[in-house]
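To be precise, the following lines are protein-v8.txt, and they hold compact mmCIF, C-alpha atoms.
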# COMPACT_ATOMS: atom_id res chain seq x y z
CA MET L 25 -29.08 -8.89 -16.85
CA ALA L 26 -26.96 -5.72 -16.82
CA GLU L 27 -26.16 -6.24 -13.13
CA ILE L 28 -25.09 -9.85 -13.74
CA THR L 29 -22.96 -8.78 -16.70
CA GLY L 30 -21.33 -6.09 -14.56
CA ARG L 31 -20.47 -8.57 -11.82
CA VAL L 32 -19.04 -11.03 -14.34
CA THR L 33 -16.91 -8.24 -15.82
CA LEU L 34 -15.63 -7.25 -12.38
CA LEU L 35 -14.82 -10.83 -11.46
CA THR L 36 -13.11 -11.46 -14.80
CA GLY L 37 -11.03 -8.32 -14.36
CA TRP L 38 -10.10 -9.29 -10.84
CA LEU L 39 -9.02 -12.79 -11.87
CA LEU L 40 -7.00 -11.34 -14.75
CA GLY L 41 -5.29 -8.94 -12.38
CA MET L 42 -4.54 -11.78 -9.98
CA ALA L 43 -3.10 -13.83 -12.84
CA LEU L 44 -0.83 -10.96 -13.92
CA VAL L 45 0.43 -10.42 -10.39
CA SER L 46 0.96 -14.14 -9.84
CA TRP L 47 2.85 -14.50 -13.14
CA ARG L 48 5.18 -11.64 -12.28
CA TYR L 49 5.69 -13.05 -8.79
CA LEU L 50 6.61 -16.51 -10.08
CA TRP L 51 9.19 -14.97 -12.41
CA GLN L 52 10.48 -12.52 -9.84
CA THR L 53 14.24 -12.98 -9.46
CA THR L 54 14.71 -10.28 -6.83
CA PRO L 55 15.28 -11.76 -3.35
CA LEU L 56 12.32 -11.29 -1.02
CA HIS L 57 13.13 -11.40 2.69
CA ARG L 58 9.85 -12.23 4.40
CA SER L 59 9.08 -12.59 8.08
CA GLU L 60 5.78 -12.90 9.91
CA VAL L 61 5.00 -13.04 13.62
CA ARG L 62 1.83 -12.97 15.71
CA VAL L 63 1.82 -10.64 18.72
CA ARG L 64 -0.69 -9.53 21.33
CA THR L 65 0.18 -5.84 21.16
CA ASP L 66 1.79 -3.69 18.49
CA GLU L 67 4.99 -1.97 19.62
CA ARG L 68 4.69 0.54 16.77
CA PRO L 69 1.00 1.49 16.58
CA SER L 70 -0.35 3.59 13.74
CA PRO L 71 0.04 7.38 14.01
CA GLU L 72 -2.88 9.48 15.20
CA ILE L 73 -5.16 10.84 12.49
CA PRO L 74 -5.61 14.62 12.83
CA ARG L 75 -9.08 15.40 14.16
CA GLU L 76 -9.82 17.89 11.39
CA LEU L 77 -9.25 15.17 8.77
CA ARG L 78 -11.56 12.60 10.36
CA ASP L 79 -15.22 12.23 9.40
CA GLU L 80 -17.82 9.51 8.88
CA ARG L 81 -16.13 8.39 5.65
CA CYS L 82 -12.84 7.58 7.38
CA GLN L 83 -12.13 3.88 7.81
CA PRO L 84 -9.30 3.51 10.38
CA GLU L 85 -8.18 0.09 11.53
CA ALA L 86 -10.68 0.09 14.41
CA ALA L 87 -13.45 -0.06 11.79
CA GLY L 88 -12.16 -3.35 10.35
CA VAL L 89 -12.56 -7.00 11.36
CA GLY L 90 -10.12 -9.71 12.35
CA GLU L 91 -6.43 -9.33 13.11
CA LEU L 92 -4.49 -6.13 12.54
CA TYR L 93 -1.78 -6.56 9.91
CA HIS L 94 1.17 -4.23 10.48
CA ARG L 95 3.44 -4.57 7.44
CA LEU L 96 6.69 -2.88 6.46
CA PHE L 97 8.03 -3.12 2.90
CA SER L 98 11.52 -1.69 2.42
CA VAL L 99 14.21 -1.53 -0.25
CA ARG L 100 17.76 -0.22 -0.16
CA ILE L 101 18.57 2.04 -3.10
CA GLU L 102 22.19 2.63 -4.11
CA ASP L 103 23.73 5.02 -6.66
CA GLY L 104 20.59 7.16 -6.71
CA VAL L 105 20.70 10.75 -7.94
CA ARG L 106 17.79 12.04 -5.81
CA GLY L 107 17.67 12.70 -2.10
CA PRO L 108 14.70 11.77 0.11
CA ALA L 109 12.78 15.02 -0.33
CA GLU L 110 13.39 15.20 -4.08
CA LEU L 111 12.34 11.58 -4.57
CA MET L 112 9.19 11.96 -2.50
CA GLU L 113 8.28 15.18 -4.28
CA GLN L 114 8.28 13.27 -7.54
CA VAL L 115 6.15 10.50 -6.04
CA LYS L 116 3.66 13.03 -4.67
CA GLU L 117 3.38 14.66 -8.10
CA ASN L 118 2.73 11.30 -9.77
CA LEU L 119 1.78 8.35 -7.57
CA ASN L 120 1.74 6.17 -10.69
CA CYS L 121 5.45 6.76 -11.38
CA ALA L 122 6.25 3.41 -9.74
CA ALA L 123 2.83 1.71 -9.60
CA PRO L 124 2.18 -1.60 -11.38
CA THR L 125 -0.49 0.09 -13.48
CA GLU L 126 -1.92 -3.09 -14.98
CA VAL L 127 -3.25 -3.97 -11.51
CA ALA L 128 -3.39 -0.63 -9.66
CA ARG L 129 -3.58 2.99 -10.81
CA PHE L 130 -4.01 6.11 -8.67
CA TYR L 131 -6.50 8.84 -9.59
CA LYS L 132 -6.93 12.11 -7.70
CA THR L 133 -10.58 12.73 -6.84
CA SER L 134 -10.35 15.77 -4.54
CA GLY L 135 -7.82 18.59 -4.25
CA GLU L 136 -5.69 20.77 -6.49
CA THR L 137 -3.82 19.10 -9.33
CA ASP L 138 -0.49 20.87 -8.83
CA ALA L 139 0.61 19.23 -5.57
CA MET L 140 -0.34 16.85 -2.75
CA ARG L 141 -1.87 18.51 0.31
CA LEU L 142 -3.55 17.46 3.55
CA GLY L 143 -7.13 16.42 2.90
CA ASP L 144 -6.58 15.51 -0.75
CA GLU L 145 -8.30 12.29 -1.82
CA PHE L 146 -7.32 9.60 -4.28
CA VAL L 147 -8.80 6.34 -5.45
CA VAL L 148 -6.75 3.29 -6.37
CA ARG L 149 -8.43 1.59 -9.32
CA MET L 150 -7.91 -2.16 -9.26
CA PRO L 151 -9.14 -4.97 -11.55
CA GLY L 152 -11.66 -6.31 -9.10
CA PRO L 153 -14.86 -5.64 -7.16
CA TRP L 154 -13.17 -3.10 -4.87
CA ASP L 155 -11.51 0.23 -5.56
CA GLY L 156 -9.40 1.88 -2.89
CA PRO L 157 -10.42 5.41 -1.84
CA VAL L 158 -7.93 7.14 0.49
CA ARG L 159 -7.32 10.56 2.05
CA VAL L 160 -4.01 12.32 2.78
CA VAL L 161 -3.65 12.71 6.57
CA ALA L 162 0.08 13.50 6.72
CA CYS L 163 2.28 15.21 4.15
CA GLU L 164 5.91 16.10 4.89
CA PRO L 165 8.92 16.58 2.61
CA ASP L 166 10.18 13.00 3.03
CA ARG L 167 6.86 11.16 3.54
CA PHE L 168 3.08 11.12 3.26
CA ARG L 169 0.33 8.97 4.75
CA PHE L 170 -3.17 7.93 3.72
CA VAL L 171 -6.17 6.74 5.72
CA THR L 172 -8.59 4.45 3.93
CA LEU L 173 -12.14 5.60 3.27
CA GLN L 174 -15.44 3.74 3.07
CA GLY L 175 -15.40 1.31 0.17
CA HIS L 176 -11.74 0.34 0.57
CA LEU L 177 -11.07 -3.36 1.08
CA GLU L 178 -8.88 -2.46 4.06
CA ALA L 179 -9.45 -0.33 7.14
CA GLY L 180 -6.33 1.50 8.24
CA GLN L 181 -3.43 3.67 7.17
CA ILE L 182 -0.50 3.45 4.75
CA GLU L 183 2.65 5.57 4.75
CA PHE L 184 5.22 6.10 1.99
CA ARG L 185 8.61 7.53 2.98
CA ALA L 186 12.27 7.87 2.02
CA VAL L 187 14.94 7.45 4.71
CA PRO L 188 18.55 8.61 4.13
CA GLY L 189 21.52 6.37 4.91
CA ASP L 190 25.28 6.94 4.98
CA ASP L 191 25.79 5.96 1.35
CA HIS L 192 22.30 4.93 0.25
CA LEU L 193 18.61 5.71 0.54
CA ARG L 194 15.90 3.43 1.87
CA PHE L 195 12.35 3.57 0.57
CA GLU L 196 9.62 2.19 2.85
CA ILE L 197 5.90 1.51 2.69
CA GLU L 198 4.31 0.87 6.09
CA THR L 199 0.73 -0.25 6.56
CA TRP L 200 -1.51 -0.69 9.59
CA ALA L 201 -4.76 -2.30 8.47
CA ARG L 202 -7.53 -4.78 9.09
CA PRO L 203 -9.82 -6.33 6.46
CA SER L 204 -12.84 -4.07 6.03
CA SER L 205 -15.42 -6.88 6.10
CA GLY L 206 -15.91 -10.56 6.75
CA LEU L 207 -15.61 -11.35 3.04
CA VAL L 208 -12.33 -9.47 2.73
CA ASN L 209 -11.10 -11.20 5.87
CA LEU L 210 -11.80 -14.53 4.20
CA LEU L 211 -9.91 -13.52 1.05
CA TYR L 212 -7.09 -11.86 2.99
CA ALA L 213 -6.46 -13.95 6.08
CA GLN L 214 -7.94 -17.33 5.25
CA LEU L 215 -7.43 -17.81 1.51
CA ARG L 216 -4.53 -15.29 1.49
CA LEU L 217 -5.42 -14.11 -2.02
CA ALA L 218 -5.78 -10.41 -1.25
CA LYS L 219 -2.79 -10.55 1.10
CA GLU L 220 -0.48 -11.94 -1.57
CA MET L 221 -1.84 -9.53 -4.19
CA GLN L 222 -1.09 -6.62 -1.86
CA LEU L 223 2.39 -7.98 -1.14
CA ASN L 224 3.29 -8.28 -4.80
CA MET L 225 1.92 -4.85 -5.63
CA TRP L 226 4.00 -3.08 -2.97
CA VAL L 227 7.10 -5.18 -3.71
CA ARG L 228 6.92 -4.05 -7.31
CA TYR L 229 6.35 -0.44 -6.22
CA CYS L 230 9.50 -0.59 -4.07
CA LEU L 231 11.58 -2.02 -6.92
CA SER L 232 10.30 0.55 -9.42
CA ILE L 233 11.09 3.40 -7.01
CA ALA L 234 14.78 2.57 -7.40
CA GLY L 235 14.50 3.52 -11.07
CA VAL L 236 12.59 6.70 -10.23
CA CYS L 237 15.44 7.59 -7.87
CA GLY L 238 17.94 6.99 -10.67
CA GLY L 239 19.60 4.17 -8.76
CA ARG L 240 19.34 0.43 -8.26
CA ALA L 241 17.73 -1.83 -5.70
CA SER L 242 20.34 -3.61 -3.59
CA GLY L 243 19.73 -6.78 -1.61
CA GLY L 244 16.11 -7.33 -2.57
CA VAL L 245 12.96 -6.27 -0.75
CA THR L 246 12.27 -6.90 2.93
CA ILE L 247 8.69 -7.59 4.05
CA GLU L 248 8.00 -7.66 7.79
CA THR L 249 4.51 -8.64 8.93
CA ARG L 250 3.21 -8.37 12.49
CA ARG L 251 -0.21 -9.92 13.01
CA VAL L 252 -1.77 -8.35 16.08
CA LEU L 253 -4.39 -10.58 17.70
CA ALA L 254 -7.92 -9.24 17.51

Could you write out this structure as structure tokens?
Amino acid sequence: MAEITGRVTLLTGWLLGMALVSWRYLWQTTPLHRSEVRVRTDERPSPEIPRELRDERCQPEAAGVGELYHRLFSVRIEDGVRGPAELMEQVKENLNCAAPTEVARFYKTSGETDAMRLGDEFVVRMPGPWDGPVRVVACEPDRFRFVTLQGHLEAGQIEFRAVPGDDHLRFEIETWARPSSGLVNLLYAQLRLAKEMQLNMWVRYCLSIAGVCGGRASGGVTIETRRVLA
């Protein structure tokens, strides 16, 4: 009985989270510039994971199933008061500073609390049957990158970075990932539920980052998706 109750609670939470994301998406007035293509090879493959940070818990894209989804979310930020390094330092100190916390919240599970370092681990708590454990595999002043760990609904990497422009700053989230299982592939690629939930979560993160930077989002959010044939 307890197991059944737990599953019902998880499913209810997941559906509620989906409803919240869908509601915000329907009322989203920010322009979204979406493009999606299918290719045989990826011209910008994922970066190499340092050997010392790989172990049996790592879940790179090769461990997933189905097509590889290479996605780039980007937003142009104008009138900001923080440069790339300063902005990313704030994000590293508090990953939840721009997260849509009603559907996703970051918790540090391994590493010192004062800063982000290579090898640190986090879990993304979501209102559903899957949480998202990740490990830091790159950490530079203007960017950092995670690899997913066992238990994550995706297998791959995700990078957050700030790129300077002549009179603006661009914030980007780039992901290279496959569904971690056949069930996730069904929800992601076939029914598109998980795919749209992910899209809305990172779109909202990009828009919120503009406020963290002390500026404003200009021209909406661009989402580029490259589906690499399995």

Option closest in space to Asp166 of chain L, from L:Glu110, L:Asp144, L:Glu85, L:Asp190 [counting all atoms listed in the file] =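 The answer is L:Glu110, which sits nearest to Asp166 of chain L.
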
Exercise: Cys237 of chain L partners within 6 Å, all atoms listed in the file, chain neighbours under 2 positions left out, as a PDB file with C-alpha atoms, in the coordinates of the input:
ATOM      1  CA  GLY L 104      20.590   7.160  -6.710  1.00  0.00           C
ATOM      2  CA  ARG L 106      17.790  12.040  -5.810  1.00  0.00           C
ATOM      3  CA  ALA L 234      14.780   2.570  -7.400  1.00  0.00           C
ATOM      4  CA  GLY L 235      14.500   3.520 -11.070  1.00  0.00           C
ATOM      5  CA  GLY L 239      19.600   4.170  -8.760  1.00  0.00           C
TER       6      GLY L 239
END

Can you work out which one of L:Arg185, L:Arg78, L:Arg129, L:His176 has the shortest atom-to-atom distance to Gly143 of chain L, counting all atoms listed in the file?
->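 Result for the nearest residue to Gly143 of chain L: L:Arg78.
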
Rounded to one decimal in Å, what is the spacing between atom CA of Thr133 of chain L and atom CA of Cys82 of chain L?
->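 Separation of atom CA of Thr133 of chain L and atom CA of Cys82 of chain L: 15.3 Å.
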
Per residue of segment 108-203 of chain L within 10 Å of segment 59-73 of chain L, which atom pair is closest and at what distance in Å (one decimal), using only C-alpha atoms, listed by chain and increasing number, as a tab-separated table?
residue	atom	partner	partner_atom	distance
L:Val160	CA	L:Ile73	CA	9.9
L:Val161	CA	L:Ile73	CA	6.4
L:Ala162	CA	L:Ile73	CA	8.2
L:Arg169	CA	L:Pro71	CA	9.4
L:Phe170	CA	L:Ile73	CA	9.5
L:Val171	CA	L:Ile73	CA	8.0
L:Gly180	CA	L:Ser70	CA	8.4
L:Gln181	CA	L:Ser70	CA	7.3
L:Ile182	CA	L:Ser70	CA	9.0
L:Glu183	CA	L:Ser70	CA	9.7
L:Glu198	CA	L:Ser70	CA	9.4
L:Thr199	CA	L:Ser70	CA	8.2
L:Trp200	CA	L:Ser70	CA	6.1
L:Ala201	CA	L:Ser70	CA	9.1

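When all atoms listed in the file are used to compute distances to Leu96 of chain L, the closest of the residues L:Asn224, L:Thr246, L:Thr137, L:Gln114 turns out to be L:Thr246.
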
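With distances taken over all atoms listed in the file, L:Ile233 is the one residue among L:Leu77, L:Leu253, L:Ile233, L:Ala139 lying closest to Pro124 of chain L.
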
Which of these, L:Val227, L:Gln222, L:Arg251, L:His192, has the shortest distance to Glu102 of chain L once you count all atoms listed in the file?
->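 Of all the options, L:His192 lies closest to Glu102 of chain L.
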
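Using only C-alpha atoms, the nearest neighbour of Arg250 of chain L within the list L:Leu92, L:Gly175, L:Gln83, L:Arg194 is L:Leu92.
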
Point (11.9, -13.6, 3.8), cut-off 10 Å, counting only C-alpha atoms, residues as a PDB file with C-alpha atoms, in the frame of the given file:
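Writing the result to out_3.pdb gives the following:
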ATOM      1  CA  PRO L  55      15.280 -11.760  -3.350  1.00  0.00           C
ATOM      2  CA  LEU L  56      12.320 -11.290  -1.020  1.00  0.00           C
ATOM      3  CA  HIS L  57      13.130 -11.400   2.690  1.00  0.00           C
ATOM      4  CA  ARG L  58       9.850 -12.230   4.400  1.00  0.00           C
ATOM      5  CA  SER L  59       9.080 -12.590   8.080  1.00  0.00           C
ATOM      6  CA  GLU L  60       5.780 -12.900   9.910  1.00  0.00           C
ATOM      7  CA  GLY L 244      16.110  -7.330  -2.570  1.00  0.00           C
ATOM      8  CA  VAL L 245      12.960  -6.270  -0.750  1.00  0.00           C
ATOM      9  CA  THR L 246      12.270  -6.900   2.930  1.00  0.00           C
ATOM     10  CA  ILE L 247       8.690  -7.590   4.050  1.00  0.00           C
ATOM     11  CA  GLU L 248       8.000  -7.660   7.790  1.00  0.00           C
TER      12      GLU L 248
END

Interatomic distance, atom CA of Thr172 of chain L to atom CA of Val158 of chain L (Å, one decimal) |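 Atom-to-atom, atom CA of Thr172 of chain L to atom CA of Val158 of chain L, that is 4.4 Å.
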
Kindly give the distance, in Å, that separates atom CA of Leu119 of chain L and atom CA of Leu210 of chain L, rounded to a single decimal.
->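 Interatomic distance, atom CA of Leu119 of chain L to atom CA of Leu210 of chain L: 29.1 Å.
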
Where's the centre, and what are the edge lengths in Å to one decimal, of a box along x, y and z enclosing all listed atoms of segment 78-92 of chain L padded 3 Å per side, as AutoDock Vina command-line options?
--center_x -11.2 --center_y 1.4 --center_z 10.0 --size_x 19.3 --size_y 28.3 --size_z 14.8

Could you name the residues that touch Ala123 of chain L at 12 Å or less, counting all atoms listed in the file, but leaving out those on the same chain fewer than 2 positions away, as a PyMOL selection string?
-> chain L and resi 115+118-121+125-131+148-150+224-233+235-236

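For Arg81 of chain L, the set of protein, DNA and RNA residues having any atom at most 6 Å away, when counting only C-alpha atoms and skipping those fewer than 2 positions along the same chain, is Asp79, Leu173 and Gln174 of chain L.
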
Neighbouring residues of Phe195 of chain L were defined as those with any atom within 9 Å, considering only C-alpha atoms; residues of the same chain fewer than 6 positions away were excluded. Please report them as an mmCIF file with C-alpha atoms, in the frame of the given file.
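Below you can see part-v5.cif, which holds the result:
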data_model
loop_
_atom_site.group_PDB
_atom_site.id
_atom_site.type_symbol
_atom_site.label_atom_id
_atom_site.label_comp_id
_atom_site.auth_asym_id
_atom_site.auth_seq_id
_atom_site.Cartn_x
_atom_site.Cartn_y
_atom_site.Cartn_z
ATOM 1 C CA PHE L 97 8.030 -3.120 2.900
ATOM 2 C CA SER L 98 11.520 -1.690 2.420
ATOM 3 C CA VAL L 99 14.210 -1.530 -0.250
ATOM 4 C CA ARG L 100 17.760 -0.220 -0.160
ATOM 5 C CA ILE L 101 18.570 2.040 -3.100
ATOM 6 C CA PRO L 108 14.700 11.770 0.110
ATOM 7 C CA PHE L 184 5.220 6.100 1.990
ATOM 8 C CA ARG L 185 8.610 7.530 2.980
ATOM 9 C CA ALA L 186 12.270 7.870 2.020
ATOM 10 C CA VAL L 187 14.940 7.450 4.710
ATOM 11 C CA PRO L 188 18.550 8.610 4.130
ATOM 12 C CA CYS L 230 9.500 -0.590 -4.070
ATOM 13 C CA ILE L 233 11.090 3.400 -7.010
ATOM 14 C CA ALA L 234 14.780 2.570 -7.400
#
